[in-house]
file upload04.cif (mmCIF, C-alpha atoms)
data_my_file
loop_
_atom_site.label_atom_id
_atom_site.label_comp_id
_atom_site.auth_asym_id
_atom_site.auth_seq_id
_atom_site.Cartn_x
_atom_site.Cartn_y
_atom_site.Cartn_z
CA MET I 1 152.46 104.07 161.21
CA VAL I 2 152.69 101.01 158.96
CA LYS I 3 151.04 102.82 156.04
CA PHE I 4 153.33 105.83 156.41
CA ILE I 5 156.45 103.65 156.43
CA ALA I 6 155.22 101.82 153.33
CA ILE I 7 154.81 105.09 151.38
CA ILE I 8 158.24 106.40 152.39
CA SER I 9 159.84 103.08 151.44
CA MET I 10 158.49 103.48 147.92
CA LEU I 11 160.10 106.92 147.56
CA LEU I 12 163.52 106.23 149.09
CA PRO I 13 166.20 103.56 148.54
CA VAL I 14 166.22 100.68 151.01
CA SER I 15 169.59 101.74 152.49
CA SER I 16 168.24 105.16 153.48
CA TYR I 17 165.05 103.74 154.92
CA ALA I 18 167.01 101.29 157.10
CA GLU I 19 168.83 104.12 158.89
CA MET I 20 165.70 106.14 159.63
CA ASN I 21 164.21 106.18 163.12
CA PHE I 22 160.58 107.21 163.54
CA ASP I 23 160.78 107.02 167.36
CA GLY I 24 163.49 109.65 167.72
CA ASN I 25 166.09 107.30 169.27
CA GLY I 26 168.31 106.65 166.25
CA ASP I 27 171.33 108.40 164.80
CA SER I 28 169.63 109.72 161.65
CA SER I 29 166.55 111.89 161.26
CA ILE I 30 164.00 111.73 158.45
CA LYS I 31 165.22 115.10 157.17
CA GLU I 32 168.84 113.92 156.98
CA ALA I 33 167.84 110.74 155.19
CA ILE I 34 165.91 112.66 152.56
CA VAL I 35 168.68 115.23 152.06
CA ASN I 36 171.34 112.55 151.70
CA THR I 37 169.33 110.40 149.31
CA GLU I 38 170.60 110.49 145.73
CA ILE I 39 167.74 110.63 143.24
CA PRO I 40 168.84 109.73 139.69
CA THR I 41 168.05 112.26 136.96
CA PRO I 42 165.59 110.78 134.44
CA THR I 43 166.97 110.40 130.94
CA VAL I 44 164.99 111.37 127.84
CA ASP I 45 165.39 109.50 124.59
CA LYS I 46 165.32 112.45 122.20
CA SER I 47 165.06 110.17 119.19
CA VAL I 48 161.57 109.23 120.30
CA HIS I 49 160.35 112.80 120.80
CA SER I 50 161.92 114.54 117.81
CA LYS I 51 161.92 113.91 114.08
CA ALA I 52 165.05 113.94 111.96
CA GLN I 53 165.71 117.31 110.35
CA LYS I 54 166.55 117.20 106.67
CA GLU I 55 168.13 119.85 104.47
CA TRP I 56 164.95 120.70 102.52
CA THR I 57 161.22 120.10 102.78
CA VAL I 58 159.13 120.85 99.70
CA MET I 59 155.44 121.30 100.49
CA VAL I 60 153.07 121.33 97.52
CA TYR I 61 149.54 122.67 97.95
CA LEU I 62 148.10 120.97 94.87
CA ASN I 63 144.56 122.20 94.27
CA ALA I 64 143.24 120.15 91.35
CA LYS I 65 139.60 120.81 92.20
CA ASN I 66 138.83 122.22 88.75
CA ASN I 67 139.65 121.46 85.11
CA LEU I 68 143.34 121.11 85.99
CA GLU I 69 142.77 117.72 87.65
CA PRO I 70 144.46 115.66 84.87
CA PHE I 71 147.52 117.92 85.07
CA GLY I 72 147.60 117.42 88.84
CA ILE I 73 147.87 113.67 88.30
CA SER I 74 150.68 114.22 85.79
CA ASP I 75 152.58 116.57 88.10
CA MET I 76 152.27 114.16 91.01
CA ASN I 77 153.83 111.43 88.87
CA GLU I 78 156.59 113.84 87.81
CA MET I 79 157.40 114.50 91.47
CA GLU I 80 157.62 110.75 92.02
CA MET I 81 160.38 110.57 89.41
CA VAL I 82 162.53 112.45 91.96
CA GLY I 83 160.95 111.44 95.26
CA SER I 84 162.05 112.12 98.81
CA ASN I 85 165.52 111.09 99.99
CA ASP I 86 167.92 111.49 102.92
CA ASN I 87 168.20 115.24 102.32
CA LEU I 88 164.75 116.02 100.97
CA ASN I 89 161.10 115.66 101.97
CA ILE I 90 158.40 116.12 99.33
CA VAL I 91 154.93 116.41 100.87
CA VAL I 92 151.75 117.08 98.88
CA GLN I 93 148.20 118.03 99.79
CA PHE I 94 146.21 116.94 96.74
CA GLY I 95 142.57 117.88 96.25
CA ARG I 96 140.50 116.38 93.40
CA ILE I 97 137.04 116.95 91.94
CA LYS I 98 134.49 115.02 89.89
CA GLY I 99 134.36 115.24 86.13
CA TYR I 100 137.86 115.64 84.71
CA ASP I 101 139.98 112.55 85.46
CA THR I 102 139.00 109.02 86.47
CA THR I 103 142.45 107.47 86.92
CA ASN I 104 144.20 106.40 90.13
CA GLY I 105 141.04 105.26 91.90
CA ASP I 106 139.06 108.37 90.94
CA TRP I 107 138.99 109.60 94.55
CA LYS I 108 137.26 112.94 95.11
CA THR I 109 138.55 114.02 98.50
CA THR I 110 141.71 115.81 99.64
CA ARG I 111 144.69 113.65 100.52
CA ARG I 112 148.17 114.16 101.90
CA TYR I 113 151.06 112.22 100.40
CA TYR I 114 154.70 111.67 101.29
CA VAL I 115 156.21 111.44 97.82
CA THR I 116 158.53 108.51 97.14
CA LYS I 117 160.48 107.68 94.02
CA ASP I 118 159.24 105.36 91.28
CA THR I 119 159.40 105.16 87.49
CA ASP I 120 155.68 104.64 86.79
CA THR I 121 154.54 107.82 85.04
CA LYS I 122 150.83 106.94 85.10
CA THR I 123 150.10 105.64 88.61
CA ILE I 124 150.56 107.40 91.96
CA ASN I 125 152.43 104.94 94.17
CA SER I 126 153.52 107.22 97.01
CA GLN I 127 152.39 106.68 100.59
CA MET I 128 149.10 108.36 101.46
CA VAL I 129 149.58 109.88 104.90
CA ALA I 130 146.00 111.08 105.41
CA ASP I 131 142.63 111.36 103.69
CA LEU I 132 141.07 114.60 104.93
CA GLY I 133 137.70 114.18 103.25
CA LYS I 134 136.24 117.29 101.66
CA VAL I 135 138.51 120.32 102.14
CA ASP I 136 138.02 123.84 100.79
CA MET I 137 141.33 124.32 98.99
CA GLY I 138 140.26 127.89 98.21
CA ASP I 139 140.32 128.78 101.90
CA TYR I 140 143.59 130.31 103.09
CA LYS I 141 143.10 128.63 106.47
CA SER I 142 143.46 125.25 104.73
CA LEU I 143 146.83 126.40 103.41
CA ILE I 144 147.86 127.45 106.92
CA ASP I 145 146.83 124.08 108.33
CA PHE I 146 148.84 122.24 105.68
CA GLY I 147 151.95 124.38 106.13
CA LYS I 148 152.00 124.04 109.90
CA TRP I 149 151.35 120.31 109.73
CA VAL I 150 154.22 119.78 107.29
CA LYS I 151 156.68 121.77 109.38
CA GLN I 152 155.70 119.86 112.50
CA ASN I 153 155.98 116.43 110.91
CA TYR I 154 158.75 116.95 108.32
CA PRO I 155 161.21 119.47 109.81
CA ALA I 156 164.02 120.82 107.67
CA LYS I 157 166.62 123.55 107.58
CA LYS I 158 164.91 125.12 104.57
CA TYR I 159 161.35 125.12 103.24
CA LEU I 160 159.93 125.52 99.75
CA LEU I 161 156.18 126.11 99.40
CA VAL I 162 154.45 125.53 96.06
CA VAL I 163 150.88 126.78 95.55
CA TRP I 164 149.49 124.91 92.53
CA ASN I 165 146.31 125.89 90.67
CA HIS I 166 144.80 128.57 88.47
CA GLY I 167 145.98 132.10 89.19
CA SER I 168 144.64 135.51 88.21
CA GLY I 169 147.46 137.84 89.18
CA TRP I 170 148.32 139.60 92.41
CA GLU I 171 147.65 143.33 92.00
CA LYS I 172 144.11 144.68 92.38
CA SER I 173 142.75 147.36 90.04
CA MET I 174 142.35 150.85 91.44
CA GLY I 175 139.06 151.30 93.26
CA LEU I 176 137.86 147.74 92.66
CA PRO I 177 137.31 144.95 95.22
CA ILE I 178 140.14 142.50 95.80
CA THR I 179 139.40 139.57 93.49
CA LYS I 180 142.77 138.48 92.15
CA GLY I 181 144.54 135.54 93.70
CA ILE I 182 145.22 131.82 93.40
CA SER I 183 143.95 128.34 94.34
CA TYR I 184 140.44 128.33 92.90
CA ASP I 185 138.19 125.58 94.30
CA ASP I 186 135.29 124.87 91.92
CA GLU I 187 133.35 122.94 94.57
CA THR I 188 133.15 125.87 96.97
CA GLY I 189 133.65 128.81 94.62
CA ASN I 190 136.38 130.17 96.89
CA HIS I 191 139.95 131.18 96.17
CA ILE I 192 142.87 132.65 98.12
CA ASN I 193 143.23 136.36 97.39
CA THR I 194 146.47 138.28 97.73
CA PRO I 195 145.97 139.66 101.28
CA GLN I 196 144.85 136.22 102.48
CA LEU I 197 147.98 134.69 100.98
CA GLY I 198 150.03 137.15 103.01
CA MET I 199 148.18 136.18 106.18
CA ALA I 200 148.77 132.49 105.44
CA LEU I 201 152.50 132.98 104.98
CA LYS I 202 152.71 134.94 108.22
CA GLU I 203 150.94 132.16 110.14
CA ILE I 204 152.99 129.35 108.59
CA GLY I 205 156.26 131.10 109.43
CA LYS I 206 159.66 130.58 107.82
CA ILE I 207 159.44 129.84 104.09
CA ASP I 208 162.70 130.14 102.15
CA ILE I 209 161.22 129.89 98.65
CA LEU I 210 157.64 130.58 97.58
CA ASN I 211 156.68 129.18 94.17
CA PHE I 212 153.45 129.66 92.23
CA ASP I 213 152.72 126.86 89.79
CA ALA I 214 149.94 128.89 88.20
CA CYS I 215 149.18 131.55 85.64
CA LEU I 216 149.79 134.92 87.25
#

call {"tool": "encode", "arguments": {"input": "upload04.cif", "output": "structure tokens"}}
result
Amino acid sequence: MVKFIAIISMLLPVSSYAEMNFDGNGDSSIKEAIVNTEIPTPTVDKSVHSKAQKEWTVMVYLNAKNNLEPFGISDMNEMEMVGSNDNLNIVVQFGRIKGYDTTNGDWKTTRRYYVTKDTDTKTINSQMVADLGKVDMGDYKSLIDFGKWVKQNYPAKKYLLVVWNHGSGWEKSMGLPITKGISYDDETGNHINTPQLGMALKEIGKIDILNFDACL
């Protein structure tokens, strides 16, 4: 009996427990005490569980894993001249390769950056959010992963997706295999063809503006 009383006392306020009679001789029953007990509704601090929604999020899939690497560095610095602000997120997935540019630490993996404003046009000073190691930027599933991750971590009312790299057009020739596309990764030999791009956009979901920073 002592153990049972101890458990009930943990679940109910002291005032309710004091009126309960386990021998059947009191004025209140266990059922009445439980029914009449007021249990406060737990409050949830939404600021902890949700991220602030901005007006725009620009997500840039910057595949510099080819001879465009120096231009990728330049474009990253150009984005830093604007930077993120109270109404805008700029988030970049930046893949590099060996052999074309040795500046900014000469890293050869794929990184994610939250772009912040600065006036240095040579050095990338934005916050690196993640180093993903080797990533096949020519795989449409990598684009899906990036898009979903950005939307989860940097929510906005509107989204702009930039796919940055070489491009070879979008329309296939009659009777020939599908070879045209974008985002050529020289390390893997892969690229995202037109149907795969469509699948990626479907998986990512709402995109208000799609931009190709590439020859098409």

call {"tool": "closest_residue", "arguments": {"input": "upload04.cif", "among": "I:Asn85, I:Thr179, I:Lys108, I:Ala130", "to": "Lys54 (chain I)", "atoms": "only C-alpha atoms"}}
result
I:Asn85

call {"tool": "residues_around", "arguments": {"input": "upload04.cif", "residues": "region 189-196 of chain I", "least_positions_apart": "2", "cutoff": "9 Å", "atoms": "all atoms listed in the file", "output": "MDAnalysis selection string"}}
result
chainID I and resid 136:141 169:172 178:187 198:201

call {"tool": "resolve_selection", "arguments": {"input": "upload04.cif", "expression": "the PyMOL selection byres ((chain I and resi 70-81) around 8)", "output": "PDB file with C-alpha atoms, in the frame of the given file"}}
result
ATOM      1  CA  LEU I  62     148.100 120.970  94.870  1.00  0.00           C
ATOM      2  CA  ASN I  63     144.560 122.200  94.270  1.00  0.00           C
ATOM      3  CA  ALA I  64     143.240 120.150  91.350  1.00  0.00           C
ATOM      4  CA  ASN I  67     139.650 121.460  85.110  1.00  0.00           C
ATOM      5  CA  LEU I  68     143.340 121.110  85.990  1.00  0.00           C
ATOM      6  CA  GLU I  69     142.770 117.720  87.650  1.00  0.00           C
ATOM      7  CA  VAL I  82     162.530 112.450  91.960  1.00  0.00           C
ATOM      8  CA  GLY I  83     160.950 111.440  95.260  1.00  0.00           C
ATOM      9  CA  TYR I 100     137.860 115.640  84.710  1.00  0.00           C
ATOM     10  CA  ASP I 101     139.980 112.550  85.460  1.00  0.00           C
ATOM     11  CA  VAL I 115     156.210 111.440  97.820  1.00  0.00           C
ATOM     12  CA  THR I 116     158.530 108.510  97.140  1.00  0.00           C
ATOM     13  CA  LYS I 117     160.480 107.680  94.020  1.00  0.00           C
ATOM     14  CA  ASP I 118     159.240 105.360  91.280  1.00  0.00           C
ATOM     15  CA  THR I 119     159.400 105.160  87.490  1.00  0.00           C
ATOM     16  CA  ASP I 120     155.680 104.640  86.790  1.00  0.00           C
ATOM     17  CA  THR I 121     154.540 107.820  85.040  1.00  0.00           C
ATOM     18  CA  LYS I 122     150.830 106.940  85.100  1.00  0.00           C
ATOM     19  CA  THR I 123     150.100 105.640  88.610  1.00  0.00           C
ATOM     20  CA  ILE I 124     150.560 107.400  91.960  1.00  0.00           C
ATOM     21  CA  SER I 126     153.520 107.220  97.010  1.00  0.00           C
TER      22      SER I 126
END

call {"tool": "closest_residue", "arguments": {"input": "upload04.cif", "among": "I:Glu203, I:Glu55, I:Asp213, I:Asp86", "to": "Asn165 (chain I)", "atoms": "only C-alpha atoms"}}
result
I:Asp213

call {"tool": "atom_distance", "arguments": {"input": "upload04.cif", "atom1": "CA of Asp208 (chain I)", "atom2": "CA of Arg111 (chain I)"}}
result
24.5 Å

call {"tool": "atom_distance", "arguments": {"input": "upload04.cif", "atom1": "CA of His166 (chain I)", "atom2": "CA of Leu197 (chain I)"}}
result
14.3 Å
